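Enquirer: My structure is below; once you've seen it, I'll send some questions.
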Amino acid sequence: MVHGPPVLVLDEPTAGVDVELRRQLWDYVRSLHASGVTIVLTTHYLEEAQELCDTIAIINHGNVIACEPTSKLISRLDQKTLVVTPQSPVTPPLKGFEDVTFAMKNTGAFALTYKTSEHSVEEMLDRVRAAGITIKDLSIQEPDLEDVFVELTA
């Protein structure tokens, strides 16, 4: 790296390093990229790839099965999960959720997984209220690169 290469290939650069060193490496890679260096990163750490890469290629059994911008790749999974913690315990099955995936959590919360092309968060919240459920807390879980990888390589 002394000669300032235009392309830098990094093979599993954070394998076996502690959290602080990993953060320092990520910051350094970001600064190199910002200065115009093209970086080719090979990693099994999908969170790292999602965080650092503009474009991701997924290789399965020696074949490139996807190669596209990170956001486009992740948007291939047409779903979100709304996790609702109700004010009072609920007992499934609940009416009004037959066309989405309903799952109880061991915490008393429940998850509604739906296709983003067919439903919205607002619609899901309306359904929760229509079922007579008072919401104590909620969160939205979006697909990540690991979800896409599993879907594409299954």
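Starting from 1 in every chain, residues are counted up; chains themselves are A, B, ... following the order of the structure tokens, and ligands are numbered from 1 as listed.
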Taking the backbone alone, and naming residues the way the document does, which bits of chain A are strand (DSSP E) by DSSP, as a ChimeraX atom specification?
Expert: /A:7-11,38-42,55-60,63-69,80-86,101-104,110-114,135-141
Enquirer: Could you check which of A:Val90, A:Val19, A:Met104, A:Ala109 is closest to Ile133 (chain A), using only C-alpha atoms?
Expert: A:Val90
Enquirer: Per DSSP on the backbone, what are the helix (DSSP H, G or I) residues of region 40-120 of chain A, as a ChimeraX atom specification?
Expert: /A:46-52,70-74
Enquirer: Within 12 Å of Asp126 (chain A), counting only C-alpha atoms, which residues qualify if same-chain residues fewer than 6 places away don't, as a list in words?
Expert: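 Those residues are Gly96, Phe97, His119, Ser120, Gly132, Ile133, Thr134 and Ile135 of chain A.
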Enquirer: Measuring atom to atom with only C-alpha atoms, identify which of A:Glu142, A:Asp137, A:Glu98, A:Asp18 is nearest to Val84 (chain A).
Expert: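 Of A:Glu142, A:Asp137, A:Glu98, A:Asp18, the one nearest Val84 (chain A) is A:Asp137, counting only C-alpha atoms.
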Enquirer: Suppose you want the space between CA of Ile140 (chain A) and CA of Asn106 (chain A); what is it in Å?
Expert: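 Rounded to one decimal, the two atoms are 17.4 Å apart.
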Enquirer: Mind checking which residues fall within 9 Å of region 148-152 of chain A, counting only C-alpha atoms, ignoring those fewer than 6 positions away in the same chain, and posting them as a count of residues only?
Expert: 10
Enquirer: So which one's closest to Tyr45 (chain A), A:Val9, A:Leu25, A:Ala15, A:Leu112? Using only C-alpha atoms, please.
Expert: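 Ranked by minimum distance to Tyr45 (chain A), first place goes to A:Ala15.
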Enquirer: Counting only C-alpha atoms, which residues of region 69-130 of chain A fall within 9 Å of region 51-54 of chain A, and what is the closest atom pair for each with its distance in Å at one decimal, ordered by chain and rising number, as CSV?
Expert:
```
residue,atom,partner,partner_atom,distance
A:Pro69,CA,A:Asp54,CA,5.7
A:Thr70,CA,A:Asp54,CA,5.7
A:Ser71,CA,A:Asp54,CA,8.2
```
Enquirer: Given the choices A:Gly16, A:Gly62, A:Gly4, A:Pro89, which gets closest to His33 (chain A) if the distance is worked out from only C-alpha atoms?
Expert: A:Gly4
Enquirer: Do you know which residues are at most 12 Å from Thr91 (chain A) counting only C-alpha atoms, after dropping those on the same chain fewer than 2 positions away, and could you put them as a ChimeraX atom specification?
Expert: /A:86,88-89,93-95,102-105,108-110,131,133
Enquirer: Mind dumping the selected residues with C-alpha atoms as an mmCIF file, in the first residue's frame?
Expert:
```cif
data_model
loop_
_atom_site.group_PDB
_atom_site.id
_atom_site.type_symbol
_atom_site.label_atom_id
_atom_site.label_comp_id
_atom_site.auth_asym_id
_atom_site.auth_seq_id
_atom_site.Cartn_x
_atom_site.Cartn_y
_atom_site.Cartn_z
ATOM 1 C CA PRO A 86 -48.893 -5.403 23.095
ATOM 2 C CA SER A 88 -51.750 -6.752 27.391
ATOM 3 C CA PRO A 89 -51.083 -10.384 26.451
ATOM 4 C CA PRO A 93 -55.008 -16.885 16.393
ATOM 5 C CA LEU A 94 -55.940 -13.266 15.805
ATOM 6 C CA LYS A 95 -58.428 -12.352 13.111
ATOM 7 C CA PHE A 102 -48.101 -14.167 12.216
ATOM 8 C CA ALA A 103 -45.671 -15.495 14.838
ATOM 9 C CA MET A 104 -45.683 -15.169 18.612
ATOM 10 C CA LYS A 105 -42.388 -14.379 20.343
ATOM 11 C CA GLY A 108 -45.186 -11.867 24.495
ATOM 12 C CA ALA A 109 -44.604 -9.765 21.392
ATOM 13 C CA PHE A 110 -45.788 -10.942 18.008
ATOM 14 C CA ALA A 131 -57.987 -6.327 16.459
ATOM 15 C CA ILE A 133 -54.679 -4.452 20.563
#
```
Enquirer: Rounded to one decimal, what separation in Å do you get between CA of Thr153 (chain A) and CA of Ile59 (chain A)?
Expert: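 Calculated distance between CA of Thr153 (chain A) and CA of Ile59 (chain A) is 8.8 Å.
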Enquirer: When distances are computed from only C-alpha atoms, which of A:Thr107, A:Gln24, A:Asn63, A:Ser31 shows the smallest separation from Val83 (chain A)?
Expert: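 Looking only at the distances to Val83 (chain A), the closest residue turns out to be A:Thr107.
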Enquirer: Provide the CA of Ser35 (chain A) to CA of Pro13 (chain A) distance in Å, to one decimal place.
Expert: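 CA of Pro13 (chain A) lies 19.3 Å from CA of Ser35 (chain A).
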